[in-house]
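See below for coords20.tsv, which holds TSV, C-alpha atoms.
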```
chain	number	residue	atom	x	y	z
A	205	MET	CA	-74.49	92.42	87.64
A	206	ILE	CA	-70.76	91.66	87.79
A	207	ARG	CA	-70.37	94.38	90.40
A	208	HIS	CA	-73.13	92.81	92.50
A	209	SER	CA	-71.44	89.40	92.30
A	210	ILE	CA	-68.04	90.76	93.32
A	211	GLY	CA	-69.51	92.73	96.21
A	212	MET	CA	-71.49	89.77	97.52
A	213	ALA	CA	-68.38	87.58	97.24
A	214	PHE	CA	-66.43	90.03	99.40
A	215	ILE	CA	-69.28	90.12	101.92
A	216	TRP	CA	-69.43	86.31	102.12
A	217	VAL	CA	-65.66	86.03	102.58
A	218	GLY	CA	-65.74	88.72	105.25
A	219	ILE	CA	-68.48	86.98	107.20
A	220	ALA	CA	-66.64	83.66	106.96
A	221	PHE	CA	-63.50	85.31	108.34
A	222	ASP	CA	-65.51	86.92	111.14
A	223	PHE	CA	-66.97	83.59	112.18
A	224	LEU	CA	-63.62	81.77	112.03
A	225	GLY	CA	-61.93	84.51	114.04
A	226	VAL	CA	-64.58	84.26	116.75
A	227	LEU	CA	-64.13	80.48	116.76
A	228	GLY	CA	-60.40	81.04	117.30
A	229	LEU	CA	-61.19	83.45	120.12
A	230	LEU	CA	-63.22	80.70	121.78
A	231	ARG	CA	-60.98	77.70	121.26
A	232	LEU	CA	-57.32	78.75	121.50
A	233	PRO	CA	-55.59	78.11	124.83
A	234	ASP	CA	-53.89	81.40	125.64
A	235	VAL	CA	-54.44	85.16	125.77
A	236	TYR	CA	-51.81	85.82	123.11
A	237	ASN	CA	-53.01	83.08	120.75
A	238	ARG	CA	-56.57	84.31	121.12
A	239	LEU	CA	-55.47	87.86	120.41
A	240	GLN	CA	-53.61	86.79	117.28
A	241	ALA	CA	-56.46	84.72	115.83
A	242	ALA	CA	-59.23	87.11	116.74
A	243	THR	CA	-57.56	90.34	115.68
A	244	LYS	CA	-56.22	89.12	112.37
A	245	CYS	CA	-59.36	87.33	111.29
A	246	VAL	CA	-61.87	89.85	112.55
A	247	THR	CA	-59.98	92.82	111.15
A	248	PHE	CA	-59.70	91.24	107.73
A	249	GLY	CA	-63.26	89.96	107.97
A	250	SER	CA	-64.85	93.28	108.82
A	251	ALA	CA	-62.61	95.14	106.36
A	252	GLY	CA	-63.56	92.69	103.60
A	253	LEU	CA	-67.23	93.12	104.48
A	254	LEU	CA	-66.91	96.90	104.33
A	255	PHE	CA	-65.05	96.66	101.01
A	256	GLY	CA	-67.84	94.50	99.62
A	257	VAL	CA	-70.40	97.11	100.66
A	258	PHE	CA	-68.23	99.77	99.00
A	259	VAL	CA	-68.17	97.76	95.77
A	260	LEU	CA	-71.94	97.41	95.93
A	261	LYS	CA	-72.65	101.07	96.63
A	262	GLY	CA	-70.05	102.73	94.38
A	263	PHE	CA	-68.82	106.28	94.85
A	264	THR	CA	-71.81	107.65	96.73
A	265	SER	CA	-71.78	109.26	100.17
A	266	PHE	CA	-72.45	105.86	101.73
A	267	GLY	CA	-69.51	104.40	99.81
A	268	PHE	CA	-67.15	107.13	100.95
A	269	LYS	CA	-68.20	106.63	104.55
A	270	VAL	CA	-67.48	102.91	104.15
A	271	LEU	CA	-64.00	103.69	102.77
A	272	LEU	CA	-63.41	105.92	105.78
A	273	GLY	CA	-64.45	103.05	108.02
A	274	ILE	CA	-61.96	100.69	106.29
A	275	ALA	CA	-59.12	103.19	106.77
A	276	PHE	CA	-60.09	103.67	110.39
A	277	ILE	CA	-60.20	99.93	111.17
A	278	PHE	CA	-56.84	99.35	109.47
A	279	LEU	CA	-55.28	102.18	111.46
A	280	THR	CA	-56.69	101.49	114.91
A	281	SER	CA	-57.11	97.75	115.30
A	282	PRO	CA	-53.37	96.81	115.23
A	283	ILE	CA	-52.61	99.60	117.69
A	284	ALA	CA	-55.25	98.39	120.13
A	285	ALA	CA	-54.08	94.78	119.74
A	286	HIS	CA	-50.46	95.72	120.36
A	287	ALA	CA	-51.37	97.75	123.44
A	288	ILE	CA	-53.44	94.90	124.88
A	289	ALA	CA	-50.70	92.33	124.24
A	290	ARG	CA	-48.05	94.52	125.83
A	291	ALA	CA	-50.24	95.27	128.84
A	292	SER	CA	-51.15	91.63	129.39
A	293	HIS	CA	-47.50	90.59	129.19
A	294	ARG	CA	-46.51	93.29	131.65
A	295	SER	CA	-49.26	92.34	134.09
A	296	ARG	CA	-47.74	88.82	134.24
A	297	ILE	CA	-50.50	86.83	132.59
A	298	PRO	CA	-48.79	83.46	131.96
A	299	LEU	CA	-48.35	81.83	128.58
A	300	CYS	CA	-49.95	78.46	127.89
A	301	PRO	CA	-47.88	75.45	129.02
A	302	GLU	CA	-47.26	74.24	125.45
A	303	SER	CA	-45.40	77.39	124.43
A	304	VAL	CA	-41.67	76.97	123.81
A	305	ALA	CA	-40.11	80.45	124.06
A	306	ASP	CA	-40.80	83.88	125.54
A	307	LEU	CA	-38.36	86.18	123.79
A	308	TYR	CA	-40.00	89.35	125.07
A	309	GLU	CA	-39.44	88.28	128.66
A	310	ALA	CA	-35.79	87.34	127.95
A	311	ASP	CA	-35.21	90.69	126.25
A	312	HIS	CA	-36.75	92.49	129.20
A	313	GLU	CA	-34.49	90.68	131.70
A	314	LEU	CA	-31.42	91.43	129.57
A	315	ARG	CA	-32.30	95.10	129.44
A	316	GLU	CA	-32.84	95.25	133.20
A	317	GLU	CA	-29.47	93.55	133.84
A	318	GLY	CA	-27.77	96.02	131.52
A	319	ALA	CA	-29.35	98.97	133.29
A	320	HIS	CA	-28.35	97.50	136.65
A	321	ALA	CA	-24.71	96.98	135.55
A	322	SER	CA	-24.39	100.42	134.02
A	323	GLY	CA	-25.84	101.87	137.21
A	324	GLN	CA	-23.26	100.05	139.34
A	325	ASN	CA	-20.14	100.63	137.23
A	326	PRO	CA	-19.79	104.41	137.25
B	163	MET	CA	-62.97	61.97	122.78
B	164	ARG	CA	-61.50	64.99	121.05
B	165	VAL	CA	-62.79	63.79	117.69
B	166	VAL	CA	-66.26	63.29	119.15
B	167	ARG	CA	-66.27	66.84	120.50
B	168	TRP	CA	-65.15	68.21	117.12
B	169	LEU	CA	-67.89	66.25	115.33
B	170	VAL	CA	-70.58	67.43	117.78
B	171	GLY	CA	-69.52	71.05	117.32
B	172	ALA	CA	-69.47	70.76	113.53
B	173	ALA	CA	-72.92	69.12	113.59
B	174	VAL	CA	-74.38	71.88	115.77
B	175	ILE	CA	-72.95	74.59	113.52
B	176	GLY	CA	-74.19	72.76	110.41
B	177	VAL	CA	-77.73	72.44	111.81
B	178	LEU	CA	-77.79	76.13	112.76
B	179	ALA	CA	-76.50	77.14	109.29
B	180	TYR	CA	-79.14	74.93	107.62
B	181	LEU	CA	-81.90	76.47	109.73
B	182	ASN	CA	-80.63	79.97	109.02
B	183	PHE	CA	-80.11	79.71	105.28
B	184	PHE	CA	-82.74	77.21	104.10
B	185	VAL	CA	-85.61	77.22	106.61
B	186	PHE	CA	-85.75	80.79	107.88
B	187	ARG	CA	-87.66	83.03	105.43
B	188	ALA	CA	-85.98	86.45	105.21
B	189	PRO	CA	-83.90	88.54	102.78
B	190	LEU	CA	-80.30	87.39	102.32
B	191	LEU	CA	-78.73	90.32	104.13
B	192	VAL	CA	-80.83	89.60	107.23
B	193	LYS	CA	-79.53	86.02	107.20
B	194	LEU	CA	-75.95	87.29	107.03
B	195	VAL	CA	-76.68	89.65	109.94
B	196	ASN	CA	-77.91	86.59	111.86
B	197	VAL	CA	-74.53	84.91	111.34
B	198	ILE	CA	-72.67	87.92	112.77
B	199	LEU	CA	-75.07	88.13	115.70
B	200	PHE	CA	-74.43	84.45	116.49
B	201	SER	CA	-70.69	85.23	116.44
B	202	ALA	CA	-71.34	88.08	118.87
B	203	LEU	CA	-73.13	85.62	121.17
B	204	LEU	CA	-70.02	83.40	121.16
B	205	VAL	CA	-67.88	86.45	121.97
B	206	LEU	CA	-70.16	87.23	124.92
B	207	TYR	CA	-69.31	83.80	126.33
B	208	ARG	CA	-65.65	84.85	126.34
B	209	VAL	CA	-66.59	88.17	127.97
B	210	VAL	CA	-68.48	86.46	130.80
B	211	ARG	CA	-66.10	83.53	131.42
B	212	GLY	CA	-62.68	84.84	130.40
B	213	PRO	CA	-60.06	83.38	132.74
B	214	SER	CA	-58.08	86.63	132.83
B	215	PRO	CA	-59.02	90.31	132.45
B	216	ALA	CA	-57.08	90.54	129.17
B	217	ASP	CA	-59.47	88.01	127.62
B	218	ARG	CA	-62.42	90.22	128.47
B	219	VAL	CA	-60.70	93.28	127.00
B	220	ILE	CA	-59.92	91.43	123.76
B	221	ALA	CA	-63.48	90.14	123.56
B	222	VAL	CA	-64.98	93.60	124.02
B	223	ASP	CA	-62.67	94.95	121.31
B	224	ILE	CA	-63.73	92.23	118.88
B	225	LEU	CA	-67.39	92.81	119.81
B	226	GLY	CA	-67.04	96.43	118.66
B	227	ILE	CA	-65.69	95.34	115.28
B	228	LEU	CA	-68.51	92.82	114.86
B	229	VAL	CA	-71.08	95.52	115.63
B	230	ILE	CA	-69.53	97.65	112.87
B	231	GLY	CA	-70.21	94.79	110.44
B	232	VAL	CA	-73.82	94.46	111.65
B	233	LEU	CA	-74.43	98.20	111.24
B	234	VAL	CA	-72.96	98.27	107.72
B	235	LEU	CA	-75.09	95.33	106.60
B	236	LEU	CA	-78.21	96.90	108.11
B	237	GLY	CA	-77.43	100.16	106.32
B	238	LEU	CA	-77.09	98.26	103.06
B	239	HIS	CA	-80.40	96.48	103.68
B	240	TYR	CA	-82.41	99.59	104.55
B	241	ASP	CA	-80.41	101.80	102.11
B	242	GLN	CA	-79.85	104.47	104.74
B	243	GLY	CA	-76.57	106.30	105.20
B	244	PHE	CA	-76.74	107.15	108.88
B	245	PHE	CA	-75.98	103.58	109.97
B	246	MET	CA	-72.44	104.19	108.74
B	247	ASP	CA	-72.16	107.30	110.92
B	248	VAL	CA	-73.12	105.20	113.93
B	249	ALA	CA	-70.55	102.59	112.89
B	250	LEU	CA	-67.75	105.15	112.61
B	251	ILE	CA	-68.49	106.61	116.03
B	252	TRP	CA	-68.71	103.11	117.48
B	253	ALA	CA	-65.27	102.33	116.03
B	254	LEU	CA	-63.79	105.50	117.55
B	255	LEU	CA	-65.21	104.82	121.01
B	256	SER	CA	-64.21	101.15	120.89
B	257	PHE	CA	-60.61	102.10	120.02
B	258	VAL	CA	-60.38	104.62	122.86
B	259	ALA	CA	-61.94	102.16	125.29
B	260	SER	CA	-59.45	99.44	124.28
B	261	LEU	CA	-56.50	101.76	124.84
B	262	ALA	CA	-57.86	102.83	128.22
B	263	PHE	CA	-58.46	99.24	129.32
B	264	ALA	CA	-54.94	98.30	128.20
B	265	LYS	CA	-53.47	101.13	130.22
B	266	ILE	CA	-55.41	100.18	133.35
B	267	LEU	CA	-54.44	96.52	132.84
B	268	GLU	CA	-50.80	97.51	132.74
B	269	GLY	CA	-51.17	99.10	136.17
B	270	ARG	CA	-50.82	102.72	135.13
B	271	ARG	CA	-53.23	105.56	135.70
B	272	LEU	CA	-55.08	107.25	132.87
B	273	ASP	CA	-53.18	110.55	133.23
B	274	ASP	CA	-49.66	109.09	133.00
```

I need this file expressed as structure tokens, please.
Amino acid sequence: MIRHSIGMAFIWVGIAFDFLGVLGLLRLPDVYNRLQAATKCVTFGSAGLLFGVFVLKGFTSFGFKVLLGIAFIFLTSPIAAHAIARASHRSRIPLCPESVADLYEADHELREEGAHASGQNP
Amino acid sequence: MRVVRWLVGAAVIGVLAYLNFFVFRAPLLVKLVNVILFSALLVLYRVVRGPSPADRVIAVDILGILVIGVLVLLGLHYDQGFFMDVALIWALLSFVASLAFAKILEGRRLDD
């Protein structure tokens, strides 16, 4: 009975996080903000949902498959998010007008200037 | 104006949640699956009308994760293990597709 309550609590929290993450994906103004909200919330939401199902099912074959799914989501989702953010910044998708700093762009320009100077000097 | 839009959105979501959880007669897990499917509908709006291609890629990635949640809940409801196999393979293919889309978006070929 306690196990059922804990599992259902995890499932409810996971579904709430899923819904809020999708709301952030709809409402935020920028690609990068949308990526941040959606990836964090949906990863935690689906992982919480899967953990709730694992608590409900226990150490059966279904439960082990669910644990495997949690490990897989935690390994792959940040990698995909990082690749998409890097690609969208490199393909010159602009930031929203309210944003105050773009440190990645500044770092990139600095590195290109350094490479240019070191190419000229010798 | 902004407050009015917020209130209208909250009222629409509240009415849909009331219809789903108190009017619709179904087991609880089916109601929870309905919530995730409604979220997937909202994500499809971002897929169709994303201003930039990166928005569509993000939305497709998130759609894959939502489908994993739907499959796990359906497997719990029907008490069948093979739904989780489908979910794992879906996660693998979604990850590979996201990486490939990111690479194409960056302007590189797939065999770089």

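The spacing separating CA of Arg218 in chain B from CA of Ser292 in chain A amounts to 11.4 Å.
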
Next on the checklist: For a quick test of understanding: name the residues of chain A lying within 9 Å of chain B when counting all atoms listed in the file, and present them as an NGL selection string.
Outcome noted: :A and (215-216 or 219 or 222-223 or 226-227 or 229-230 or 234-235 or 238-239 or 242-243 or 246-247 or 249-251 or 253-254 or 257 or 260-261 or 265-266 or 269-270 or 272-273 or 276-277 or 280-281 or 283-285 or 287-295 or 297)

Written file, previous selection with C-alpha atoms, as a PDB file, in the coordinates of the input:
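As written to disk, selection-v8.pdb reads:
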```pdb
ATOM      1  CA  ILE A 215     -69.280  90.120 101.920  1.00  0.00           C
ATOM      2  CA  TRP A 216     -69.430  86.310 102.120  1.00  0.00           C
ATOM      3  CA  ILE A 219     -68.480  86.980 107.200  1.00  0.00           C
ATOM      4  CA  ASP A 222     -65.510  86.920 111.140  1.00  0.00           C
ATOM      5  CA  PHE A 223     -66.970  83.590 112.180  1.00  0.00           C
ATOM      6  CA  VAL A 226     -64.580  84.260 116.750  1.00  0.00           C
ATOM      7  CA  LEU A 227     -64.130  80.480 116.760  1.00  0.00           C
ATOM      8  CA  LEU A 229     -61.190  83.450 120.120  1.00  0.00           C
ATOM      9  CA  LEU A 230     -63.220  80.700 121.780  1.00  0.00           C
ATOM     10  CA  ASP A 234     -53.890  81.400 125.640  1.00  0.00           C
ATOM     11  CA  VAL A 235     -54.440  85.160 125.770  1.00  0.00           C
ATOM     12  CA  ARG A 238     -56.570  84.310 121.120  1.00  0.00           C
ATOM     13  CA  LEU A 239     -55.470  87.860 120.410  1.00  0.00           C
ATOM     14  CA  ALA A 242     -59.230  87.110 116.740  1.00  0.00           C
ATOM     15  CA  THR A 243     -57.560  90.340 115.680  1.00  0.00           C
ATOM     16  CA  VAL A 246     -61.870  89.850 112.550  1.00  0.00           C
ATOM     17  CA  THR A 247     -59.980  92.820 111.150  1.00  0.00           C
ATOM     18  CA  GLY A 249     -63.260  89.960 107.970  1.00  0.00           C
ATOM     19  CA  SER A 250     -64.850  93.280 108.820  1.00  0.00           C
ATOM     20  CA  ALA A 251     -62.610  95.140 106.360  1.00  0.00           C
ATOM     21  CA  LEU A 253     -67.230  93.120 104.480  1.00  0.00           C
ATOM     22  CA  LEU A 254     -66.910  96.900 104.330  1.00  0.00           C
ATOM     23  CA  VAL A 257     -70.400  97.110 100.660  1.00  0.00           C
ATOM     24  CA  LEU A 260     -71.940  97.410  95.930  1.00  0.00           C
ATOM     25  CA  LYS A 261     -72.650 101.070  96.630  1.00  0.00           C
ATOM     26  CA  SER A 265     -71.780 109.260 100.170  1.00  0.00           C
ATOM     27  CA  PHE A 266     -72.450 105.860 101.730  1.00  0.00           C
ATOM     28  CA  LYS A 269     -68.200 106.630 104.550  1.00  0.00           C
ATOM     29  CA  VAL A 270     -67.480 102.910 104.150  1.00  0.00           C
ATOM     30  CA  LEU A 272     -63.410 105.920 105.780  1.00  0.00           C
ATOM     31  CA  GLY A 273     -64.450 103.050 108.020  1.00  0.00           C
ATOM     32  CA  PHE A 276     -60.090 103.670 110.390  1.00  0.00           C
ATOM     33  CA  ILE A 277     -60.200  99.930 111.170  1.00  0.00           C
ATOM     34  CA  THR A 280     -56.690 101.490 114.910  1.00  0.00           C
ATOM     35  CA  SER A 281     -57.110  97.750 115.300  1.00  0.00           C
ATOM     36  CA  ILE A 283     -52.610  99.600 117.690  1.00  0.00           C
ATOM     37  CA  ALA A 284     -55.250  98.390 120.130  1.00  0.00           C
ATOM     38  CA  ALA A 285     -54.080  94.780 119.740  1.00  0.00           C
ATOM     39  CA  ALA A 287     -51.370  97.750 123.440  1.00  0.00           C
ATOM     40  CA  ILE A 288     -53.440  94.900 124.880  1.00  0.00           C
ATOM     41  CA  ALA A 289     -50.700  92.330 124.240  1.00  0.00           C
ATOM     42  CA  ARG A 290     -48.050  94.520 125.830  1.00  0.00           C
ATOM     43  CA  ALA A 291     -50.240  95.270 128.840  1.00  0.00           C
ATOM     44  CA  SER A 292     -51.150  91.630 129.390  1.00  0.00           C
ATOM     45  CA  HIS A 293     -47.500  90.590 129.190  1.00  0.00           C
ATOM     46  CA  ARG A 294     -46.510  93.290 131.650  1.00  0.00           C
ATOM     47  CA  SER A 295     -49.260  92.340 134.090  1.00  0.00           C
ATOM     48  CA  ILE A 297     -50.500  86.830 132.590  1.00  0.00           C
TER      49      ILE A 297
END
```

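For the pair CA of Gly171 in chain B and CA of Pro233 in chain A, the interatomic distance is 17.3 Å.
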
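Across the structure, CA of Arg167 in chain B and CA of Arg231 in chain A are spaced 12.1 Å apart.
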
Please put the answer as JSON: centre and edge lengths, in Å with one decimal, of a box along x, y and z that encloses all listed atoms of range 297-316 of chain A plus 5 Å on each side.
```
{"center_x": -41.0, "center_y": 84.7, "center_z": 128.5, "size_x": 29.1, "size_y": 31.0, "size_z": 19.4}
```
